[in-house]
Amino acid sequence: MTEPRLRAGIDLSPLVLTRAGTARYISNLVVALEGEDSLELRRYRFGGDGRAAKLVRDVVWYPAALPLLGRRDRLDVLHCPALRAPFRTSQPLVVTIHDLSPLRHPSSFNAWNRRYTALALPRVARAAAAVIVGSRFVRDEVVDLLGVDAGRVTTIPYGVAPIFSPEGAAAGGDYVLAVSTLEPRKNLPRLLEAFGRTSLNGCELRVIGAAGWGGVRVAGDRVRWLGEVSDEELARQYRGARCVAYVSLYEGFGLPVLEAMACGAPVVAPAGPPYSEFAHGVAVEVDPYDCDSIAAGLEEAVDRREALRPLGPERAAGFDWAQAARETLRVYREVAAK
């Protein structure tokens with residue numbers, strides 16, 4: 001029996017502000033959702049990344065304008081795939097919460113983000129008919145910190161885009177790769193310190209990621225910041241790296257770890273969740289607060305490179321954006337039917 005066509009709206013406004021993990025989630029999910037024949041997907045977006053535009057987005061777009069558009073278009077469900085969302089809607093609201101870093105690490109964010117998120121996010125969580133998270137770790141965070149009933153939270157792991165595979169060109173050179181926005185919780189100063197303590201002589205540390213906030217800089221002997229790059233170039237860098245280091249102090253998922261694994265790169269990642277949910281036994285696990293632990297992890301990953309390389313693609317094969325889209329559509333249908 002053919003399922004009835006469902007009309008869903010999705011807010012793409014976060015794509016104006018970032019190209020990092022949240023943007024990768026939204027972009028890949030939308031492409032996969034558009035392949036679902038039983039879904040009519042309406043896209044909404046508020047443009048502008050200046051200070052005034054951000055203020056209007058937070059105080060007008062989400063509380064008032066977006067719900068009005070959903071009512072006008074007679075949506076069956078509205079999906080806000082980031083922390084920002086309306087406090088009240090006439091259609092069922094689905095919200096994706098990637099992590100609770102503004103609440104867990106408020107000092108890493110500016111005053112407006114701290115205050116607005118502390119005020120708005122609990123109201124958004126109460127308004128949502130369903131909350132989607134990428135890991136069991138974030139599910140527990142949402143239940144514990146926001147008081148959301150566990151029955152309203154669905155864990156849908158992220159996927160890997162096809163471009164991230166062992167097949168294809170690899171970047172040249174002898175290097176360790178880090179992929180992170182330059183912001184405090186990404187723990188880049190400790191990574192630089194740890195890299196300097198290794199015996200990886202002749203090897204450089206390459207850092208890919210946008211300039212962020214908090215005064216984080218990457219520089220030093222054998223350290224090179226490449227800024228933002230295309231997915232094609234990122235895949236090349238993953239494939240050519242002696243290892244990929246991701247030592248963030250707090251993440252809801254850690255998509256670069258999964259992408260690096262998919263490309264066959266040995267990975268160094270923090271021990272425990274959320275990384276252990278998909279990388280345990282594949283990644284070299286370290287204490288991200290301990291520079292000596294990180295340094296030892298880098299050396300181990302490089303030493304075991306040939307043994308670790310085939311493990312990543314095999315594990316990452318179970319993480320697919322098409323599957324994530326099907327599970328997301330199932331959530332849409334469940335809330336629309338209530």
# chains A, B, ... in the order shown; residues from 1 in each chain; ligands from 1

call {"tool": "residues_around", "arguments": {"residues": "Val282 (chain A)", "least_positions_apart": "4", "cutoff": "12 Å", "atoms": "only C-alpha atoms", "output": "tab-separated table (two decimals) with all heavy atoms, in the first residue's frame"}}
result
chain	number	residue	atom	x	y	z
A	257	VAL	N	35.26	12.47	12.67
A	257	VAL	CA	35.80	11.16	13.03
A	257	VAL	C	35.24	10.09	12.09
A	257	VAL	O	35.98	9.25	11.55
A	257	VAL	CB	35.48	10.82	14.50
A	257	VAL	CG1	35.91	9.39	14.83
A	257	VAL	CG2	36.16	11.81	15.43
A	258	LEU	N	33.94	10.12	11.86
A	258	LEU	CA	33.31	9.13	10.99
A	258	LEU	C	33.75	9.30	9.54
A	258	LEU	O	34.03	8.31	8.85
A	258	LEU	CB	31.78	9.25	11.10
A	258	LEU	CG	30.97	8.22	10.33
A	258	LEU	CD1	31.25	6.81	10.83
A	258	LEU	CD2	29.47	8.54	10.43
A	260	ALA	N	36.58	10.59	8.44
A	260	ALA	CA	37.96	10.15	8.33
A	260	ALA	C	38.05	8.63	8.30
A	260	ALA	O	38.80	8.05	7.51
A	260	ALA	CB	38.79	10.71	9.48
A	261	MET	N	37.28	7.97	9.17
A	261	MET	CA	37.23	6.51	9.17
A	261	MET	C	36.80	5.98	7.80
A	261	MET	O	37.38	5.03	7.27
A	261	MET	CB	36.27	6.01	10.25
A	261	MET	CG	36.78	6.16	11.67
A	261	MET	SD	35.49	5.96	12.94
A	261	MET	CE	34.63	4.47	12.37
A	262	ALA	N	35.78	6.62	7.22
A	262	ALA	CA	35.26	6.18	5.93
A	262	ALA	C	36.31	6.28	4.83
A	262	ALA	O	36.29	5.49	3.87
A	262	ALA	CB	34.03	7.01	5.54
A	264	GLY	N	39.45	5.70	5.31
A	264	GLY	CA	40.54	4.79	5.61
A	264	GLY	C	41.68	5.42	6.38
A	264	GLY	O	42.79	4.88	6.40
A	265	ALA	N	41.42	6.55	7.04
A	265	ALA	CA	42.47	7.20	7.82
A	265	ALA	C	42.45	6.68	9.25
A	265	ALA	O	41.37	6.55	9.84
A	265	ALA	CB	42.27	8.71	7.82
A	266	PRO	N	43.61	6.40	9.85
A	266	PRO	CA	43.65	6.11	11.29
A	266	PRO	C	43.20	7.36	12.05
A	266	PRO	O	43.55	8.48	11.66
A	266	PRO	CB	45.11	5.79	11.56
A	266	PRO	CG	45.72	5.55	10.23
A	266	PRO	CD	44.94	6.36	9.24
A	267	VAL	N	42.43	7.18	13.11
A	267	VAL	CA	41.83	8.31	13.81
A	267	VAL	C	42.21	8.28	15.28
A	267	VAL	O	42.20	7.22	15.91
A	267	VAL	CB	40.30	8.32	13.66
A	267	VAL	CG1	39.69	9.51	14.40
A	267	VAL	CG2	39.91	8.38	12.18
A	268	VAL	N	42.49	9.46	15.83
A	268	VAL	CA	42.68	9.66	17.26
A	268	VAL	C	41.48	10.45	17.76
A	268	VAL	O	41.19	11.53	17.23
A	268	VAL	CB	43.99	10.42	17.56
A	268	VAL	CG1	44.12	10.71	19.05
A	268	VAL	CG2	45.19	9.63	17.05
A	269	ALA	N	40.78	9.93	18.76
A	269	ALA	CA	39.56	10.57	19.25
A	269	ALA	C	39.45	10.39	20.76
A	269	ALA	O	40.04	9.46	21.32
A	269	ALA	CB	38.33	9.99	18.56
A	271	ALA	N	38.24	9.17	24.32
A	271	ALA	CA	37.60	7.95	24.80
A	271	ALA	C	36.19	8.28	25.29
A	271	ALA	O	35.92	9.38	25.76
A	271	ALA	CB	38.42	7.34	25.93
A	275	TYR	N	31.84	9.28	20.70
A	275	TYR	CA	32.68	8.61	19.71
A	275	TYR	C	32.64	7.09	19.85
A	275	TYR	O	32.67	6.36	18.86
A	275	TYR	CB	34.12	9.11	19.83
A	275	TYR	CG	34.21	10.60	19.99
A	275	TYR	CD1	34.34	11.17	21.25
A	275	TYR	CD2	34.14	11.45	18.89
A	275	TYR	CE1	34.41	12.55	21.42
A	275	TYR	CE2	34.21	12.82	19.04
A	275	TYR	CZ	34.33	13.36	20.31
A	275	TYR	OH	34.39	14.72	20.48
A	276	SER	N	32.56	6.62	21.09
A	276	SER	CA	32.57	5.18	21.32
A	276	SER	C	31.34	4.50	20.72
A	276	SER	O	31.34	3.29	20.52
A	276	SER	CB	32.65	4.88	22.82
A	276	SER	OG	31.58	5.51	23.52
A	277	GLU	N	30.29	5.28	20.43
A	277	GLU	CA	29.09	4.70	19.84
A	277	GLU	C	29.33	4.21	18.42
A	277	GLU	O	28.58	3.35	17.93
A	277	GLU	CB	27.94	5.70	19.88
A	277	GLU	CG	27.49	6.08	21.29
A	277	GLU	CD	26.33	7.04	21.30
A	277	GLU	OE1	25.50	7.01	20.35
A	277	GLU	OE2	26.22	7.84	22.25
A	278	PHE	N	30.33	4.75	17.74
A	278	PHE	CA	30.59	4.31	16.36
A	278	PHE	C	32.06	4.04	16.06
A	278	PHE	O	32.37	3.44	15.04
A	278	PHE	CB	30.05	5.34	15.35
A	278	PHE	CG	30.69	6.71	15.46
A	278	PHE	CD1	31.84	7.01	14.75
A	278	PHE	CD2	30.12	7.68	16.25
A	278	PHE	CE1	32.42	8.26	14.83
A	278	PHE	CE2	30.70	8.95	16.35
A	278	PHE	CZ	31.84	9.23	15.64
A	301	ALA	N	48.64	5.81	16.53
A	301	ALA	CA	47.86	5.76	15.29
A	301	ALA	C	48.77	5.69	14.07
A	301	ALA	O	48.49	4.95	13.11
A	301	ALA	CB	46.94	6.98	15.20
A	304	ARG	N	50.38	2.18	13.91
A	304	ARG	CA	49.44	1.12	13.56
A	304	ARG	C	48.65	1.44	12.29
A	304	ARG	O	47.62	0.82	12.03
A	304	ARG	CB	48.47	0.88	14.72
A	304	ARG	CG	49.12	0.42	16.02
A	304	ARG	CD	48.08	0.29	17.12
A	304	ARG	NE	46.99	-0.58	16.71
A	304	ARG	CZ	45.75	-0.52	17.24
A	304	ARG	NH1	45.45	0.38	18.15
A	304	ARG	NH2	44.82	-1.36	16.82
A	305	ARG	N	49.12	2.36	11.50
A	305	ARG	CA	48.36	2.88	10.37
A	305	ARG	C	47.85	1.78	9.44
A	305	ARG	O	46.67	1.73	9.09
A	305	ARG	CB	49.21	3.87	9.58
A	305	ARG	CG	48.47	4.59	8.46
A	305	ARG	CD	49.34	5.71	7.88
A	305	ARG	NE	48.58	6.55	6.97
A	305	ARG	CZ	48.52	6.38	5.65
A	305	ARG	NH1	49.20	5.39	5.10
A	305	ARG	NH2	47.79	7.19	4.90
A	307	ALA	N	47.36	-1.36	9.97
A	307	ALA	CA	46.37	-2.25	10.60
A	307	ALA	C	45.03	-1.56	10.80
A	307	ALA	O	43.97	-2.20	10.72
A	307	ALA	CB	46.90	-2.74	11.95
A	308	LEU	N	45.05	-0.25	11.05
A	308	LEU	CA	43.81	0.48	11.34
A	308	LEU	C	43.07	0.89	10.07
A	308	LEU	O	41.83	1.01	10.09
A	308	LEU	CB	44.13	1.73	12.16
A	308	LEU	CG	44.65	1.51	13.59
A	308	LEU	CD1	45.07	2.83	14.21
A	308	LEU	CD2	43.58	0.84	14.45
A	309	ARG	N	43.80	1.11	8.99
A	309	ARG	CA	43.18	1.66	7.77
A	309	ARG	C	41.95	0.88	7.29
A	309	ARG	O	40.92	1.49	6.97
A	309	ARG	CB	44.22	1.74	6.64
A	309	ARG	CG	45.13	2.94	6.74
A	309	ARG	CD	46.23	2.88	5.69
A	309	ARG	NE	45.71	2.83	4.33
A	309	ARG	CZ	45.39	3.89	3.62
A	309	ARG	NH1	45.55	5.10	4.14
A	309	ARG	NH2	44.93	3.79	2.40
A	310	PRO	N	41.96	-0.45	7.20
A	310	PRO	CA	40.78	-1.15	6.67
A	310	PRO	C	39.60	-1.18	7.64
A	310	PRO	O	38.48	-1.48	7.22
A	310	PRO	CB	41.31	-2.56	6.39
A	310	PRO	CG	42.47	-2.73	7.31
A	310	PRO	CD	43.09	-1.37	7.45
A	311	LEU	N	39.83	-0.90	8.91
A	311	LEU	CA	38.75	-1.00	9.89
A	311	LEU	C	37.73	0.13	9.74
A	311	LEU	O	36.53	-0.07	9.94
A	311	LEU	CB	39.32	-0.98	11.31
A	311	LEU	CG	40.35	-2.06	11.65
A	311	LEU	CD1	40.79	-1.90	13.11
A	311	LEU	CD2	39.78	-3.45	11.40
A	312	GLY	N	38.21	1.32	9.39
A	312	GLY	CA	37.33	2.47	9.31
A	312	GLY	C	36.24	2.37	8.27
A	312	GLY	O	35.05	2.54	8.58
A	313	PRO	N	36.58	2.09	6.99
A	313	PRO	CA	35.53	1.99	5.98
A	313	PRO	C	34.50	0.91	6.29
A	313	PRO	O	33.31	1.08	6.01
A	313	PRO	CB	36.32	1.66	4.71
A	313	PRO	CG	37.68	2.23	4.95
A	313	PRO	CD	37.93	2.02	6.41
A	314	GLU	N	34.95	-0.19	6.86
A	314	GLU	CA	34.03	-1.27	7.20
A	314	GLU	C	33.02	-0.80	8.24
A	314	GLU	O	31.82	-1.06	8.12
A	314	GLU	CB	34.80	-2.48	7.72
A	314	GLU	CG	33.93	-3.66	8.08
A	314	GLU	CD	34.73	-4.84	8.57
A	314	GLU	OE1	35.97	-4.84	8.42
A	314	GLU	OE2	34.12	-5.78	9.11
A	315	ARG	N	33.48	-0.09	9.27
A	315	ARG	CA	32.57	0.41	10.30
A	315	ARG	C	31.68	1.52	9.76
A	315	ARG	O	30.48	1.57	10.04
A	315	ARG	CB	33.39	0.91	11.49
A	315	ARG	CG	32.56	1.44	12.67
A	315	ARG	CD	31.84	0.35	13.43
A	315	ARG	NE	32.78	-0.62	13.97
A	315	ARG	CZ	33.45	-0.45	15.12
A	315	ARG	NH1	33.27	0.64	15.85
A	315	ARG	NH2	34.28	-1.39	15.55
A	316	ALA	N	32.26	2.44	8.99
A	316	ALA	CA	31.50	3.59	8.50
A	316	ALA	C	30.43	3.20	7.49
A	316	ALA	O	29.47	3.96	7.28
A	316	ALA	CB	32.46	4.60	7.86

call {"tool": "residues_around", "arguments": {"residues": "Ala53 (chain A)", "least_positions_apart": "6", "cutoff": "12 Å", "atoms": "only C-alpha atoms", "output": "JSON, numbers by chain"}}
result
{"A": [13, 16, 17, 46, 47, 59, 60, 61]}

call {"tool": "residues_around", "arguments": {"residues": "Leu145 (chain A)", "least_positions_apart": "4", "cutoff": "9 Å", "atoms": "only C-alpha atoms", "output": "VMD selection string"}}
result
chain A and resid 100 103 122 140 to 141

call {"tool": "write_last_selection", "arguments": {"atoms": "N, CA, C and O atoms", "output": "PDB file, in the first residue's frame"}}
result
ATOM      1  N   LEU A 100      24.353  20.084  23.318  1.00  0.00           N
ATOM      2  CA  LEU A 100      23.942  21.138  24.249  1.00  0.00           C
ATOM      3  C   LEU A 100      25.162  21.940  24.696  1.00  0.00           C
ATOM      4  O   LEU A 100      25.262  22.353  25.860  1.00  0.00           O
ATOM      5  N   LEU A 103      24.892  25.166  26.719  1.00  0.00           N
ATOM      6  CA  LEU A 103      24.557  24.970  28.126  1.00  0.00           C
ATOM      7  C   LEU A 103      25.692  24.310  28.888  1.00  0.00           C
ATOM      8  O   LEU A 103      25.953  24.649  30.047  1.00  0.00           O
ATOM      9  N   PRO A 122      14.939  25.496  26.265  1.00  0.00           N
ATOM     10  CA  PRO A 122      13.930  24.737  27.012  1.00  0.00           C
ATOM     11  C   PRO A 122      12.519  24.926  26.454  1.00  0.00           C
ATOM     12  O   PRO A 122      11.730  23.972  26.430  1.00  0.00           O
ATOM     13  N   ASP A 140      20.600  11.360  26.088  1.00  0.00           N
ATOM     14  CA  ASP A 140      20.655  11.439  27.546  1.00  0.00           C
ATOM     15  C   ASP A 140      20.812  12.884  28.007  1.00  0.00           C
ATOM     16  O   ASP A 140      20.246  13.282  29.039  1.00  0.00           O
ATOM     17  N   GLU A 141      21.592  13.687  27.276  1.00  0.00           N
ATOM     18  CA  GLU A 141      21.747  15.098  27.608  1.00  0.00           C
ATOM     19  C   GLU A 141      20.406  15.835  27.534  1.00  0.00           C
ATOM     20  O   GLU A 141      20.071  16.642  28.402  1.00  0.00           O
TER      21      GLU A 141
END

call {"tool": "atom_distance", "arguments": {"atom1": "CA of Tyr25 (chain A)", "atom2": "CA of Tyr158 (chain A)"}}
result
7.0 Å

call {"tool": "atom_distance", "arguments": {"atom1": "CA of Gly220 (chain A)", "atom2": "CA of Leu192 (chain A)"}}
result
8.3 Å

call {"tool": "closest_residue", "arguments": {"among": "A:Arg152, A:Val286, A:Asn113, A:Arg7", "to": "Arg51 (chain A)", "atoms": "only C-alpha atoms"}}
result
A:Asn113
